[in-house]
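Novice: Take a look at the following structure, please.
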Amino acid sequence: MAEYSALSLLKNALSGNRDWKPAWRKPDPKPRYDVIVIGGGGHGLATAYYLAAEHGITNVAVLEKGWLGSGNIGRNTTIVRSNYLLPESLRFYEFSMKLWENLSHELNYNVMFSQRGVLNLAHSPGQADAFIRRGNAMRHGGVDAEWLTPQEIARKVPGLDTSGSARFPIAGGLLQPRAGTARHDAVAWGYARAADRRGVDLIENCEVTGFLRDGDQITGVSTTRGDIRAKKVALAVAGSTSRVLQRAGIERFPIESHVLQAFVSEAIKPFVNCVVTFGAGHLYMSQSDKGGLVFGGSLDFYNSYAQRGNLPAAEDVMSEICAMFPAVARLRLLRSWGGVMDMSMDGSPIITRGPLPGLYLNCGWCYGGFKATPASGYSFAWTIARDEPHAINAPFTLSRFERGAAIDETGHGPTPKLH
Amino acid sequence: MLIDCPHCGPRDLAEFSYQGDATRTRPDPASTDTKAWLDYVYNRPNPAGLHREYWQHAGGCRAHLVVERDTLTHEIRSVAFARSADSGDAA
């Protein structure tokens, strides 16, 4: 097993890096497991890891249709934050933040977690009031938050147009200093390796085509690599949630799948040292360690499973980043791509038992799933192992819609494209 | 994506605003069937494939349209005025 340390780096450097072992095995599926996790992305791999590490459940398979980390874990803009308003969200995402702070050590894998700060720009007195209210809610919940004046913002982020003649002049900004970014692929690989070394079978190119049932009870799955039985089957398939549930006979579900695009510019010298978000539209950007500006904006705003978007959304994003940072107008775009978001009806996730006996659900991440990866895996594993929710995911049920207990940060109601 | 508006002809996506699933059926306003209301308000078929959906040509003739579109490929199969199309109730 590949262990990473200064000594192993040196040893392998001396032998020409020819002796590194693969980070995880490529096992064939066994006929039976205690738990099957469908979805080999960040959340599924984290779930498998915490099942093994926290609950001693190691007879686990992760089934992935493509290759590990080929979905949204590798398509996001890598932002980690816990700057929410509602107490349920604050508790959940701050729990995640604390797991992030120790994740590289816990996994013996450098996830390059960089607490460079996330700065939300406000562009009107009303928006400033709303952000300060959120900042107060954060501090009340034990989360760090600071209000910055336009002068402080100009010093912190010199590239920003902080002038009064900007298209949307900056009224101030809410900074969460402990927030930041992480290397997204490394999160998937780190969890994968750590789960594998505890005995979890990571099975790639294995698509779930149906569910094995005994009456209502789910007893396993049919896959492109044969039938596999399990006491418990857990779903962590993000934008594919509705498709997979339809294979279990659940035709209607409170999720819509939407496409979200992201962009990377050519690499430039150090330009911005925190994550900056634009409040007069919707844009979030940071600079990667390679130098490229990594950024994204809103959804394309129509249902899609296509993993690619259209030009109007791209044009909006470009005009926003140029309004914020006039100096980037002549930069060239290196890459753009799309991912399929599981947009829930209140903008909050669903982590729960059900909706069928033997089935467990983790979905509805909208476009905020990356930062949630550790807490999502931790609380989902808890729910699977103990058949009851952890305190942090107890509010995130499926039944909250019929109980009128939606957790709606933005107050948009059941219009998934707006969350 | 170009949407072939029955009034204006093929127009750029940027002129249209999306109104969502066109197959939902609103219960009778007097109905107290909470399951039916729950299903109408919150649940969606969210198909991977053909999807009947409402669009409005907001930056053009302002007509409400029902578009049949493949969510896997973004290919548009048909466009019709909402008032004459077979559809559910707008949100």
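Residues in the structure tokens are numbered from 1 in each chain, the chains being A, B, ... in the order shown, and ligands are numbered from 1 in the order shown.
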Counting only C-alpha atoms, what are the residues of chain A within 8 Å of chain B, and for each of them which pair of atoms is the nearest and at what distance in Å, to one decimal? Sort the table by chain and rising number, as a Markdown table.

Specialist:
```
| residue | atom | partner | partner_atom | distance |
| --- | --- | --- | --- | --- |
| A:Ser242 | CA | B:Asn46 | CA | 6.4 |
| A:Arg243 | CA | B:Ala48 | CA | 6.9 |
| A:Glu251 | CA | B:Pro45 | CA | 5.9 |
| A:Arg252 | CA | B:Pro45 | CA | 4.6 |
| A:Phe253 | CA | B:Asn43 | CA | 4.7 |
| A:Pro254 | CA | B:Asn43 | CA | 4.3 |
| A:Ile255 | CA | B:Arg44 | CA | 6.6 |
| A:Glu256 | CA | B:Asn46 | CA | 5.4 |
| A:Ser257 | CA | B:Asn46 | CA | 6.7 |
| A:Phe301 | CA | B:Tyr18 | CA | 6.6 |
| A:Tyr302 | CA | B:Tyr18 | CA | 6.2 |
| A:Asn303 | CA | B:Thr71 | CA | 6.3 |
| A:Ser304 | CA | B:Thr71 | CA | 4.5 |
| A:Tyr305 | CA | B:Leu72 | CA | 5.0 |
| A:Ala306 | CA | B:Leu72 | CA | 4.7 |
| A:Asn310 | CA | B:Met1 | CA | 6.7 |
| A:Pro312 | CA | B:Ala14 | CA | 5.6 |
| A:Met345 | CA | B:Tyr42 | CA | 6.4 |
| A:Phe401 | CA | B:Tyr42 | CA | 7.4 |
| A:Glu402 | CA | B:Leu38 | CA | 6.2 |
| A:Pro414 | CA | B:Tyr42 | CA | 6.3 |
```

Novice: Mind listing the helix (DSSP H, G or I) residues of chain B, per DSSP on the backbone, as an MDAnalysis selection string?

Specialist: chainID B and resid 13:15 34:42

Novice: Let me make sure I understand: among A:Leu85, A:Leu359, A:Leu107, A:Ile73, which one has the smallest atom-to-atom distance to His184 (chain A) if we use only C-alpha atoms?

Specialist: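 Of all the options, A:Ile73 lies closest to His184 (chain A).
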
Novice: Using DSSP secondary structure from the backbone, list all strand (DSSP E or B) positions within region 104-194 of chain A, as a PyMOL selection string.

Specialist: chain A and resi 114+118-122+146-148+172-176+180-181

Novice: Mind dumping the selected residues with N, CA and C atoms as an mmCIF file, in the first residue's frame?

Specialist:
```
data_model
loop_
_atom_site.group_PDB
_atom_site.id
_atom_site.type_symbol
_atom_site.label_atom_id
_atom_site.label_comp_id
_atom_site.auth_asym_id
_atom_site.auth_seq_id
_atom_site.Cartn_x
_atom_site.Cartn_y
_atom_site.Cartn_z
ATOM 1 N N SER A 114 -6.655 24.745 1.693
ATOM 2 C CA SER A 114 -6.032 26.058 1.850
ATOM 3 C C SER A 114 -7.061 27.030 2.398
ATOM 4 N N VAL A 118 -13.012 33.166 2.176
ATOM 5 C CA VAL A 118 -14.022 33.402 1.146
ATOM 6 C C VAL A 118 -14.655 34.747 1.437
ATOM 7 N N LEU A 119 -14.613 35.621 0.443
ATOM 8 C CA LEU A 119 -15.119 36.983 0.576
ATOM 9 C C LEU A 119 -16.362 37.159 -0.295
ATOM 10 N N ASN A 120 -17.521 37.404 0.337
ATOM 11 C CA ASN A 120 -18.770 37.673 -0.396
ATOM 12 C C ASN A 120 -18.940 39.180 -0.542
ATOM 13 N N LEU A 121 -18.896 39.685 -1.763
ATOM 14 C CA LEU A 121 -19.047 41.122 -1.974
ATOM 15 C C LEU A 121 -20.517 41.523 -1.954
ATOM 16 N N ALA A 122 -20.801 42.647 -1.285
ATOM 17 C CA ALA A 122 -22.149 43.222 -1.289
ATOM 18 C C ALA A 122 -22.105 44.517 -2.081
ATOM 19 N N GLU A 146 -16.228 38.059 9.369
ATOM 20 C CA GLU A 146 -15.784 39.438 9.555
ATOM 21 C C GLU A 146 -16.390 40.307 8.465
ATOM 22 N N TRP A 147 -16.767 41.524 8.844
ATOM 23 C CA TRP A 147 -17.259 42.482 7.854
ATOM 24 C C TRP A 147 -16.101 43.364 7.414
ATOM 25 N N LEU A 148 -15.895 43.484 6.103
ATOM 26 C CA LEU A 148 -14.835 44.335 5.572
ATOM 27 C C LEU A 148 -15.438 45.553 4.874
ATOM 28 N N GLY A 172 -19.239 46.669 0.598
ATOM 29 C CA GLY A 172 -18.566 45.971 1.691
ATOM 30 C C GLY A 172 -18.508 44.491 1.364
ATOM 31 N N GLY A 173 -18.028 43.710 2.323
ATOM 32 C CA GLY A 173 -17.937 42.283 2.044
ATOM 33 C C GLY A 173 -17.898 41.468 3.316
ATOM 34 N N LEU A 174 -18.481 40.265 3.242
ATOM 35 C CA LEU A 174 -18.465 39.356 4.383
ATOM 36 C C LEU A 174 -17.372 38.319 4.140
ATOM 37 N N LEU A 175 -16.403 38.290 5.053
ATOM 38 C CA LEU A 175 -15.269 37.378 4.899
ATOM 39 C C LEU A 175 -15.376 36.248 5.909
ATOM 40 N N GLN A 176 -15.236 35.008 5.432
ATOM 41 C CA GLN A 176 -15.023 33.898 6.365
ATOM 42 C C GLN A 176 -13.559 33.484 6.230
ATOM 43 N N GLY A 180 -12.045 28.411 2.293
ATOM 44 C CA GLY A 180 -10.968 28.390 1.307
ATOM 45 C C GLY A 180 -11.241 27.413 0.183
ATOM 46 N N THR A 181 -10.189 26.715 -0.221
ATOM 47 C CA THR A 181 -10.288 25.768 -1.334
ATOM 48 C C THR A 181 -9.549 24.480 -0.984
#
```

Novice: Between CA of Ser348 (chain A) and CA of Glu207 (chain A), what is the spacing in Å?

Specialist: 26.8 Å

Novice: Closest to Ala406 (chain A) among A:Ala48, A:Ala391, A:Leu86, A:Leu299, using only C-alpha atoms?

Specialist: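 Of A:Ala48, A:Ala391, A:Leu86, A:Leu299, the one nearest Ala406 (chain A), counting only C-alpha atoms, is A:Leu86.
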
Novice: If we count only C-alpha atoms, what is near Val317 (chain A) at a cut-off of 10 Å, once residues fewer than 5 positions away on the same chain are taken out, given as an mmCIF file with C-alpha atoms, in the first residue's frame?

Specialist:
```cif
data_model
loop_
_atom_site.group_PDB
_atom_site.id
_atom_site.type_symbol
_atom_site.label_atom_id
_atom_site.label_comp_id
_atom_site.auth_asym_id
_atom_site.auth_seq_id
_atom_site.Cartn_x
_atom_site.Cartn_y
_atom_site.Cartn_z
ATOM 1 C CA GLN A 261 -20.743 25.206 -15.981
ATOM 2 C CA ALA A 262 -17.293 26.056 -14.658
ATOM 3 C CA PHE A 263 -14.286 27.714 -16.255
ATOM 4 C CA GLY A 281 -24.954 38.670 -10.053
ATOM 5 C CA HIS A 282 -23.741 35.224 -9.209
ATOM 6 C CA LEU A 283 -20.057 34.477 -9.592
ATOM 7 C CA TYR A 284 -17.380 32.838 -7.482
ATOM 8 C CA PHE A 295 -14.671 30.368 -11.620
ATOM 9 C CA GLY A 296 -18.338 29.711 -12.188
ATOM 10 C CA GLY A 297 -21.730 31.322 -11.931
ATOM 11 C CA SER A 298 -25.359 30.303 -12.118
ATOM 12 C CA LEU A 311 -23.190 29.957 -24.383
ATOM 13 C CA PRO A 312 -25.638 32.452 -22.780
ATOM 14 C CA CYS A 322 -14.873 41.382 -16.172
ATOM 15 C CA ALA A 323 -17.096 43.771 -14.186
#
```
